[in-house]
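Chemist: File name entry06.cif; file contents mmCIF, C-alpha atoms and all ligand atoms; full text below.
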data_query
#
loop_
_atom_site.label_atom_id
_atom_site.label_comp_id
_atom_site.auth_asym_id
_atom_site.auth_seq_id
_atom_site.Cartn_x
_atom_site.Cartn_y
_atom_site.Cartn_z
CA MET S 1 128.01 -87.23 -55.56
CA ILE S 2 130.29 -87.18 -52.57
CA ASP S 3 132.37 -84.64 -54.48
CA GLN S 4 129.33 -82.45 -54.80
CA VAL S 5 128.77 -82.57 -51.06
CA GLU S 6 132.46 -81.74 -50.48
CA ARG S 7 132.17 -78.71 -52.77
CA LEU S 8 129.09 -77.50 -50.99
CA LEU S 9 130.84 -77.95 -47.64
CA SER S 10 133.66 -75.68 -48.68
CA GLU S 11 131.14 -73.22 -50.08
CA VAL S 12 129.47 -73.11 -46.68
CA ASP S 13 132.81 -72.62 -44.95
CA ALA S 14 133.71 -69.78 -47.28
CA PHE S 15 130.41 -67.95 -47.09
CA GLU S 16 130.53 -64.69 -45.14
CA SER S 17 128.06 -61.83 -45.12
CA GLY S 18 126.65 -59.15 -42.83
CA ASP S 19 123.70 -58.41 -45.05
CA PRO S 20 120.48 -60.02 -43.77
CA ASP S 21 119.11 -60.36 -47.34
CA GLU S 22 122.18 -62.21 -48.56
CA ILE S 23 122.13 -64.52 -45.54
CA GLU S 24 118.49 -65.34 -46.21
CA GLN S 25 119.25 -66.13 -49.87
CA PHE S 26 122.03 -68.43 -48.72
CA ARG S 27 119.68 -70.18 -46.27
CA ILE S 28 117.08 -70.78 -48.99
CA ARG S 29 119.67 -72.06 -51.44
CA MET S 30 121.20 -74.49 -48.93
CA ILE S 31 118.63 -75.67 -46.47
CA GLY S 32 115.37 -74.26 -47.86
CA LYS S 33 112.55 -76.63 -48.89
CA LYS S 34 113.98 -76.90 -52.39
CA GLY S 35 117.54 -76.23 -51.32
CA LYS S 36 120.66 -78.24 -52.18
CA VAL S 37 120.70 -80.25 -48.97
CA THR S 38 117.09 -81.34 -49.40
CA GLN S 39 117.76 -82.31 -53.03
CA LEU S 40 120.76 -84.39 -52.02
CA PHE S 41 118.79 -86.18 -49.34
CA ALA S 42 116.28 -87.12 -52.04
CA LEU S 43 119.11 -88.69 -54.06
CA PHE S 44 120.25 -90.81 -51.14
CA LYS S 45 118.55 -93.96 -52.40
CA GLU S 46 120.48 -93.81 -55.66
CA VAL S 47 123.83 -93.84 -53.89
CA PRO S 48 125.58 -97.22 -54.16
CA ASN S 49 125.30 -99.21 -50.93
CA GLU S 50 129.01 -99.16 -50.12
CA GLN S 51 129.08 -95.35 -50.31
CA LYS S 52 125.87 -94.80 -48.37
CA LYS S 53 127.57 -94.57 -44.98
CA GLU S 54 130.13 -91.94 -46.01
CA PHE S 55 127.62 -90.02 -48.11
CA GLY S 56 125.10 -89.94 -45.23
CA LYS S 57 127.76 -88.69 -42.82
CA LYS S 58 128.92 -85.92 -45.14
CA LEU S 59 125.39 -84.91 -45.98
CA ASN S 60 124.47 -84.60 -42.30
CA GLU S 61 127.65 -82.59 -41.76
CA LEU S 62 126.60 -80.27 -44.59
CA LYS S 63 123.16 -79.80 -43.11
CA THR S 64 124.48 -79.05 -39.61
CA LYS S 65 127.17 -76.69 -40.88
CA SER S 66 124.76 -74.77 -43.10
CA THR S 67 122.22 -74.39 -40.30
CA GLN S 68 124.93 -73.28 -37.89
CA LYS S 69 126.38 -70.82 -40.38
CA VAL S 70 123.01 -69.19 -41.00
CA ALA S 71 122.37 -68.91 -37.25
CA ASP S 72 125.82 -67.40 -36.60
CA LEU S 73 125.60 -64.87 -39.40
CA LYS S 74 122.06 -63.83 -38.48
CA GLY S 75 123.04 -63.34 -34.85
CA ALA S 76 125.92 -61.08 -35.77
CA SER S 77 124.15 -59.09 -38.47
CA LYS S 78 122.29 -55.84 -37.73
CA PRO S 79 118.92 -54.73 -39.01
CA ALA S 80 119.33 -52.85 -42.30
CA ALA S 81 118.76 -49.39 -40.79
CA GLU S 82 121.49 -49.80 -38.21
CA THR S 83 123.97 -51.24 -40.64
CA LYS S 84 123.65 -48.19 -42.82
CA SER S 85 124.12 -45.67 -39.98
CA ASN S 86 127.57 -45.28 -38.53
CA LEU S 87 126.62 -46.98 -35.31
CA ASP S 88 129.64 -47.27 -33.07
CA ILE S 89 128.80 -49.64 -30.27
CA SER S 90 132.12 -48.99 -28.56
CA ARG S 91 131.32 -45.30 -28.09
CA PRO S 92 130.85 -44.36 -24.41
CA ALA S 93 127.22 -43.65 -23.52
CA GLU S 94 126.13 -40.07 -23.15
CA ASP S 95 125.73 -38.81 -19.58
CA LEU S 96 122.23 -38.94 -18.15
CA THR S 97 121.16 -35.40 -17.40
CA LEU S 98 119.38 -35.49 -14.10
CA GLY S 99 116.72 -32.87 -13.48
CA SER S 100 116.38 -31.12 -10.16
CA ARG S 101 113.36 -30.22 -8.12
CA HIS S 102 111.96 -26.72 -8.49
CA PRO S 103 112.90 -24.48 -5.52
CA ILE S 104 109.20 -23.88 -4.82
CA SER S 105 108.63 -27.64 -4.57
CA ILE S 106 111.68 -27.99 -2.35
CA VAL S 107 110.39 -25.36 0.08
CA ARG S 108 106.82 -26.67 -0.06
CA ASN S 109 108.03 -30.18 0.77
CA GLU S 110 110.13 -28.84 3.60
CA ILE S 111 107.17 -26.95 5.06
CA ILE S 112 105.05 -30.13 4.84
CA ASP S 113 107.84 -32.08 6.49
CA ILE S 114 108.23 -29.59 9.35
CA PHE S 115 104.53 -29.47 10.16
CA SER S 116 103.99 -33.19 9.72
CA ARG S 117 106.45 -33.69 12.59
CA ILE S 118 103.98 -31.93 14.92
CA GLY S 119 100.95 -33.82 13.68
CA PHE S 120 99.67 -31.76 10.73
CA SER S 121 98.16 -33.60 7.77
CA VAL S 122 98.02 -32.22 4.22
CA SER S 123 94.74 -31.19 2.57
CA ASP S 124 93.82 -29.88 -0.81
CA GLY S 125 91.08 -27.83 -2.47
CA PRO S 126 90.09 -26.58 -5.93
CA GLU S 127 91.82 -23.66 -7.68
CA ILE S 128 88.50 -22.43 -9.08
CA GLU S 129 86.52 -21.52 -6.03
CA ASP S 130 83.03 -20.26 -5.28
CA ASP S 131 82.27 -17.07 -3.41
CA TRP S 132 81.32 -18.92 -0.24
CA HIS S 133 84.64 -20.74 0.22
CA ASN S 134 86.92 -17.95 -0.92
CA PHE S 135 85.11 -15.06 0.78
CA SER S 136 81.72 -15.32 2.49
CA ALA S 137 82.44 -18.19 4.88
CA LEU S 138 85.69 -16.44 5.82
CA ASN S 139 83.77 -13.46 7.11
CA PHE S 140 84.13 -11.26 4.04
CA PRO S 141 80.54 -10.09 3.62
CA LYS S 142 79.40 -9.15 0.10
CA GLU S 143 80.28 -5.53 -0.75
CA HIS S 144 82.65 -5.42 2.25
CA PRO S 145 85.79 -3.38 1.54
CA ALA S 146 87.96 -6.20 2.93
CA ARG S 147 87.36 -8.02 -0.36
CA ASP S 148 89.50 -5.36 -2.01
CA MET S 149 92.51 -6.57 -0.01
CA GLN S 150 92.96 -9.09 -2.81
CA ASP S 151 92.54 -8.33 -6.50
CA THR S 152 90.44 -11.17 -7.76
CA PHE S 153 90.23 -12.87 -11.15
CA PHE S 154 86.50 -13.42 -11.47
CA ILE S 155 85.15 -16.15 -13.71
CA SER S 156 81.49 -15.36 -13.09
CA GLU S 157 79.58 -13.59 -10.38
CA ASP S 158 79.91 -16.58 -8.09
CA PHE S 159 83.21 -18.13 -9.18
CA SER S 160 86.78 -16.90 -9.18
CA LEU S 161 90.33 -18.26 -9.16
CA ARG S 162 91.06 -18.65 -5.48
CA THR S 163 92.92 -15.65 -4.10
CA HIS S 164 94.30 -17.56 -1.13
CA THR S 165 94.49 -21.06 0.29
CA SER S 166 92.27 -19.97 3.20
CA SER S 167 89.41 -21.39 1.12
CA VAL S 168 90.72 -24.86 1.94
CA GLN S 169 90.28 -24.13 5.68
CA VAL S 170 86.56 -23.78 5.06
CA ARG S 171 86.37 -26.98 3.04
CA VAL S 172 88.21 -28.95 5.71
CA MET S 173 86.10 -27.57 8.57
CA GLU S 174 82.91 -28.32 6.64
CA THR S 175 83.85 -31.95 6.12
CA GLU S 176 85.91 -32.94 9.15
CA LYS S 177 85.20 -32.94 12.86
CA PRO S 178 87.70 -31.44 15.33
CA PRO S 179 90.39 -32.07 16.32
CA ILE S 180 91.67 -30.76 12.98
CA ARG S 181 95.35 -30.18 12.33
CA THR S 182 96.11 -29.61 8.69
CA ILE S 183 98.16 -27.61 6.23
CA SER S 184 97.06 -26.87 2.67
CA PRO S 185 99.71 -25.97 0.11
CA GLY S 186 98.57 -24.76 -3.29
CA ARG S 187 98.52 -22.23 -6.11
CA VAL S 188 96.68 -18.95 -5.75
CA PHE S 189 95.85 -16.21 -8.24
CA ARG S 190 95.63 -12.43 -8.02
CA ASN S 191 95.15 -9.75 -10.59
CA GLU S 192 98.47 -8.03 -9.88
CA ALA S 193 101.04 -6.43 -12.13
CA ILE S 194 104.07 -8.74 -12.40
CA SER S 195 107.19 -7.33 -10.78
CA ALA S 196 110.20 -8.44 -8.73
CA ARG S 197 107.94 -8.65 -5.68
CA ALA S 198 104.55 -9.69 -7.06
CA HIS S 199 103.08 -12.16 -9.52
CA CYS S 200 99.58 -13.06 -10.64
CA ILE S 201 100.20 -16.73 -9.80
CA PHE S 202 101.98 -17.78 -6.66
CA HIS S 203 101.90 -20.40 -3.92
CA GLN S 204 100.70 -20.38 -0.36
CA VAL S 205 100.51 -22.78 2.53
CA GLU S 206 97.58 -22.50 4.87
CA GLY S 207 97.66 -23.91 8.39
CA LEU S 208 94.68 -24.75 10.59
CA TYR S 209 94.43 -26.19 14.08
CA ILE S 210 91.02 -26.62 15.73
CA ASP S 211 90.43 -28.35 19.04
CA LYS S 212 89.12 -27.71 22.54
CA GLY S 213 91.18 -25.09 24.35
CA VAL S 214 93.57 -24.04 21.55
CA SER S 215 95.11 -20.72 22.55
CA PHE S 216 97.22 -17.93 21.11
CA ALA S 217 100.19 -19.41 23.00
CA ASP S 218 99.84 -22.61 20.91
CA LEU S 219 99.92 -20.49 17.76
CA LYS S 220 103.06 -18.64 18.84
CA GLN S 221 104.81 -21.83 19.89
CA SER S 222 103.99 -23.61 16.62
CA LEU S 223 105.22 -20.69 14.52
CA MET S 224 108.40 -20.39 16.55
CA TYR S 225 109.08 -24.08 16.02
CA PHE S 226 108.46 -23.61 12.28
CA ALA S 227 110.76 -20.57 12.00
CA LYS S 228 113.62 -22.33 13.78
CA GLU S 229 113.26 -25.50 11.71
CA MET S 230 113.09 -23.58 8.45
CA PHE S 231 115.64 -20.83 9.03
CA GLY S 232 117.86 -22.16 11.82
CA GLU S 233 117.95 -22.50 15.60
CA GLY S 234 118.98 -18.88 16.20
CA THR S 235 115.93 -17.44 14.41
CA GLU S 236 113.61 -15.25 16.44
CA ILE S 237 110.03 -14.35 15.67
CA ARG S 238 108.04 -11.19 16.29
CA LEU S 239 104.27 -10.82 16.10
CA ARG S 240 102.64 -7.54 15.08
CA PRO S 241 98.91 -6.92 15.47
CA SER S 242 97.14 -6.96 12.12
CA TYR S 243 93.76 -7.46 10.54
CA PHE S 244 92.23 -10.35 8.61
CA PRO S 245 88.46 -10.81 8.42
CA PHE S 246 88.67 -14.52 9.33
CA THR S 247 90.88 -14.27 12.43
CA GLU S 248 90.47 -12.41 15.68
CA PRO S 249 92.90 -11.38 17.01
CA SER S 250 95.12 -11.34 13.92
CA ALA S 251 98.86 -10.89 13.62
CA GLU S 252 101.64 -10.68 11.09
CA VAL S 253 104.76 -12.63 11.87
CA ASP S 254 108.31 -11.49 11.22
CA ILE S 255 111.51 -13.47 11.61
CA SER S 256 114.85 -11.98 12.56
CA CYS S 257 116.64 -11.08 9.32
CA VAL S 258 118.35 -14.13 7.85
CA LEU S 259 121.13 -12.00 6.40
CA CYS S 260 122.15 -9.69 9.24
CA ASN S 261 120.70 -11.68 12.17
CA GLY S 262 118.64 -8.71 13.26
CA LYS S 263 121.41 -6.07 13.14
CA GLY S 264 119.89 -4.23 10.19
CA CYS S 265 120.79 -4.40 6.49
CA ASN S 266 119.30 -3.36 3.17
CA VAL S 267 117.31 -6.60 2.78
CA CYS S 268 115.40 -5.97 6.03
CA LYS S 269 115.50 -2.21 5.39
CA ASN S 270 117.44 -1.78 8.63
CA SER S 271 114.54 -3.09 10.70
CA GLY S 272 116.26 -6.36 11.58
CA TYR S 273 113.07 -8.26 10.74
CA LEU S 274 111.43 -9.83 7.68
CA GLU S 275 107.72 -10.51 7.34
CA ILE S 276 106.87 -14.14 6.61
CA LEU S 277 103.18 -14.79 7.27
CA GLY S 278 99.76 -13.78 8.53
CA CYS S 279 97.93 -15.59 11.31
CA GLY S 280 95.41 -15.40 14.10
CA MET S 281 92.76 -17.15 16.12
CA VAL S 282 89.97 -18.41 13.88
CA ASP S 283 87.06 -15.99 14.18
CA PRO S 284 84.07 -17.66 15.93
CA ASN S 285 81.90 -16.56 12.99
CA VAL S 286 84.05 -18.65 10.65
CA LEU S 287 83.77 -21.70 12.93
CA GLU S 288 79.99 -21.33 13.01
CA ASN S 289 79.83 -20.81 9.21
CA CYS S 290 81.51 -24.18 8.85
CA GLY S 291 79.32 -25.98 11.35
CA ILE S 292 81.76 -26.03 14.28
CA ASP S 293 80.49 -25.04 17.73
CA SER S 294 82.52 -21.96 18.66
CA PHE S 295 81.65 -22.35 22.34
CA GLN S 296 83.29 -25.77 22.46
CA TYR S 297 86.12 -25.30 20.03
CA SER S 298 88.75 -22.71 19.21
CA GLY S 299 91.67 -22.72 16.85
CA PHE S 300 94.37 -20.88 15.04
CA ALA S 301 95.14 -20.38 11.38
CA PHE S 302 98.05 -19.03 9.41
CA GLY S 303 98.95 -18.45 5.80
CA MET S 304 102.32 -17.93 4.16
CA GLY S 305 103.62 -17.37 0.65
CA ILE S 306 105.99 -20.13 -0.47
CA GLU S 307 107.83 -17.81 -2.88
CA ARG S 308 108.48 -15.42 -0.01
CA ILE S 309 109.94 -18.18 2.17
CA ALA S 310 112.03 -19.49 -0.75
CA MET S 311 113.38 -16.01 -1.52
CA LEU S 312 114.48 -15.54 2.07
CA LYS S 313 115.90 -19.02 2.40
CA PHE S 314 117.86 -19.01 -0.86
CA GLY S 315 118.61 -15.28 -1.05
CA ILE S 316 116.67 -14.69 -4.28
CA ASN S 317 115.83 -11.08 -5.00
CA ASP S 318 113.39 -11.37 -7.89
CA LEU S 319 110.22 -13.45 -7.70
CA ARG S 320 110.01 -13.73 -11.48
CA HIS S 321 112.92 -16.20 -11.49
CA PHE S 322 110.57 -18.87 -10.15
CA PHE S 323 108.37 -18.71 -13.22
CA GLU S 324 110.84 -18.26 -16.05
CA ASN S 325 112.20 -21.81 -16.02
CA ASP S 326 115.71 -20.66 -16.82
CA ILE S 327 117.75 -23.82 -16.52
CA ARG S 328 120.77 -21.86 -15.18
CA PHE S 329 118.62 -20.74 -12.26
CA LEU S 330 116.87 -24.07 -11.68
CA LYS S 331 119.93 -26.26 -11.66
CA GLN S 332 121.37 -24.46 -8.64
CA PHE S 333 118.85 -26.21 -6.42
CA ARG S 334 119.38 -29.73 -5.19
CA SER S 335 117.41 -31.45 -2.54
CA SER S 336 116.75 -34.80 -1.00
CA ILE S 337 113.21 -33.77 -0.09
N1 LIG N 401 94.82 -15.54 3.41
C1 LIG N 401 95.74 -14.50 3.79
C2 LIG N 401 96.31 -13.85 2.53
O1 LIG N 401 96.30 -14.44 1.52
C3 LIG N 401 96.84 -15.06 4.62
C4 LIG N 401 96.36 -15.47 5.97
C5 LIG N 401 96.39 -14.58 7.01
C6 LIG N 401 95.89 -16.74 6.18
C7 LIG N 401 95.97 -14.93 8.26
C8 LIG N 401 95.45 -17.12 7.44
C9 LIG N 401 95.50 -16.20 8.48
O2 LIG N 401 94.99 -18.34 7.70
O3 LIG N 401 95.07 -16.57 9.70
O4 LIG N 401 96.77 -12.76 2.62
#
Can you give me the file's structure in the form of structure tokens?
Ligand code: DAH

Modeler:
Amino acid sequence: MIDQVERLLSEVDAFESGDPDEIEQFRIRMIGKKGKVTQLFALFKEVPNEQKKEFGKKLNELKTKSTQKVADLKGASKPAAETKSNLDISRPAEDLTLGSRHPISIVRNEIIDIFSRIGFSVSDGPEIEDDWHNFSALNFPKEHPARDMQDTFFISEDFSLRTHTSSVQVRVMETEKPPIRTISPGRVFRNEAISARAHCIFHQVEGLYIDKGVSFADLKQSLMYFAKEMFGEGTEIRLRPSYFPFTEPSAEVDISCVLCNGKGCNVCKNSGYLEILGCGMVDPNVLENCGIDSFQYSGFAFGMGIERIAMLKFGINDLRHFFENDIRFLKQFRSSI
């Protein structure tokens, strides 16, 4: 009987396999419920007394070795699927391809960052807007020709896709009490033919500051600060009188050309200046429409296109690049913001 144990011991030593099924068969045959080791233990009482000690020792050795062997082989073996593929665990890992932020997001975040440093919070409004918030409250009476300044995607008589982020001004003034200092970045929609300079979807940032005694000088100073932070210390701004129904007086703001520094080039059409935004003092009618006492409070507002700022900042000459998701275009932009 001791011989039998010896034979089994060498069988255990010799057994090698990477196949999980074979290893399992081996386990059952050796140390399973009806396996060899169990059977030999059952025979223990028939072993002559003088051999019991040696037999017991060998048998225990067989049990330990078999158990250990099964554990070792199982640990080293792979699941069937992996064993069949040509998995090479020594192969260097593939590089992680890191994405980059979209240039519009980069510029939007930078605008938020610049204005947050002078106390502006960020507010948000819906992209589907009612007539009141997109037009009427902003002093665009029904049937007024000023509504034609923006080609609108109507959803119904009362609802449209917002044509500008100025609608968020109204929502903020309706729900918050002055002092209000907020910017509202977001997507806007206009029924325009797509070209290098126009798109039916684009992004704007609206700015609004309402408090006692806010003046046009505050507006100019804030925009100058913005222009210098965004385009560099040497940037100058110029305000031209303009018209928007919701501001009085209204102005359009130009910055000195980022390419020629105001000397004149083909980007600024030799004017030395580039238009970046519209602004003005919030019309008292708009304040009253939103429940703010126009005798106590005044304020300024401005609105800019993010694509426009991004094109000037990065020297991009076709707005359609922003929407095509061409990876060769997108991966040129890196940012920590
Ligand atoms: N909403 C205007 C547009 O989309 C931009 C604008 C102009 C916003 C003047 C303003 C502003 O807040 O004061 O063309």

Chemist: Could you pull out the residues sitting within 9 Å of ligand LIG 401 (chain N), using all atoms listed in the file, and write them as a ChimeraX atom specification?

Modeler: /S:149-150,163-167,169,188,204-208,242-248,250-252,277-282,300-305

Chemist: At a cut-off of 9 Å, using only C-alpha atoms, what residues contact Lys212 in chain S? Leave out same-chain residues fewer than 5 positions from it and give the result as a ChimeraX atom specification.

Modeler: /S:178-179,296-299

Chemist: Using all atoms listed in the file, which residue out of S:Ile210, S:Leu98, S:Ile112, S:Val267 lies closest to Gly186 in chain S?

Modeler: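 Closest candidate: S:Ile112.
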
Chemist: Can you work out the spacing between CA of Glu129 in chain S and CA of Phe154 in chain S in Å, to one decimal?

Modeler: 9.8 Å

Chemist: Report the distance between CA of Leu330 in chain S and CA of Phe231 in chain S in Å, rounded to one decimal place.

Modeler: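 Going from CA of Leu330 in chain S over to CA of Phe231 in chain S, I get 21.0 Å.
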
Chemist: I need the residue nearest Gly32 in chain S from this list: S:Glu110, S:Thr67, S:Phe159, S:Val258. Use only C-alpha atoms for the distance.

Modeler: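 Among the listed residues, S:Thr67 lies closest to Gly32 in chain S.
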
Chemist: For Lys36 in chain S, work out the shell of residues within 12 Å, counting all atoms listed in the file and skipping chain neighbours fewer than 4 positions away, then give it as a PDB file with C-alpha atoms, in the coordinates of the input.

Modeler:
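File out_30.pdb, as written:
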ATOM      1  CA  GLN S   4     129.330 -82.450 -54.800  1.00  0.00           C
ATOM      2  CA  VAL S   5     128.770 -82.570 -51.060  1.00  0.00           C
ATOM      3  CA  ARG S   7     132.170 -78.710 -52.770  1.00  0.00           C
ATOM      4  CA  LEU S   8     129.090 -77.500 -50.990  1.00  0.00           C
ATOM      5  CA  LEU S   9     130.840 -77.950 -47.640  1.00  0.00           C
ATOM      6  CA  GLU S  11     131.140 -73.220 -50.080  1.00  0.00           C
ATOM      7  CA  VAL S  12     129.470 -73.110 -46.680  1.00  0.00           C
ATOM      8  CA  PHE S  26     122.030 -68.430 -48.720  1.00  0.00           C
ATOM      9  CA  ARG S  27     119.680 -70.180 -46.270  1.00  0.00           C
ATOM     10  CA  ILE S  28     117.080 -70.780 -48.990  1.00  0.00           C
ATOM     11  CA  ARG S  29     119.670 -72.060 -51.440  1.00  0.00           C
ATOM     12  CA  MET S  30     121.200 -74.490 -48.930  1.00  0.00           C
ATOM     13  CA  ILE S  31     118.630 -75.670 -46.470  1.00  0.00           C
ATOM     14  CA  GLY S  32     115.370 -74.260 -47.860  1.00  0.00           C
ATOM     15  CA  LEU S  40     120.760 -84.390 -52.020  1.00  0.00           C
ATOM     16  CA  PHE S  41     118.790 -86.180 -49.340  1.00  0.00           C
ATOM     17  CA  ALA S  42     116.280 -87.120 -52.040  1.00  0.00           C
ATOM     18  CA  LEU S  43     119.110 -88.690 -54.060  1.00  0.00           C
ATOM     19  CA  LEU S  59     125.390 -84.910 -45.980  1.00  0.00           C
ATOM     20  CA  LEU S  62     126.600 -80.270 -44.590  1.00  0.00           C
ATOM     21  CA  LYS S  63     123.160 -79.800 -43.110  1.00  0.00           C
ATOM     22  CA  SER S  66     124.760 -74.770 -43.100  1.00  0.00           C
TER      23      SER S  66
END

Chemist: Could you tell me how far CA of Tyr225 in chain S sits from CA of Asp211 in chain S, in Å to one decimal place?

Modeler: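 Computed distance, CA of Asp211 in chain S to CA of Tyr225 in chain S, equals 19.4 Å.
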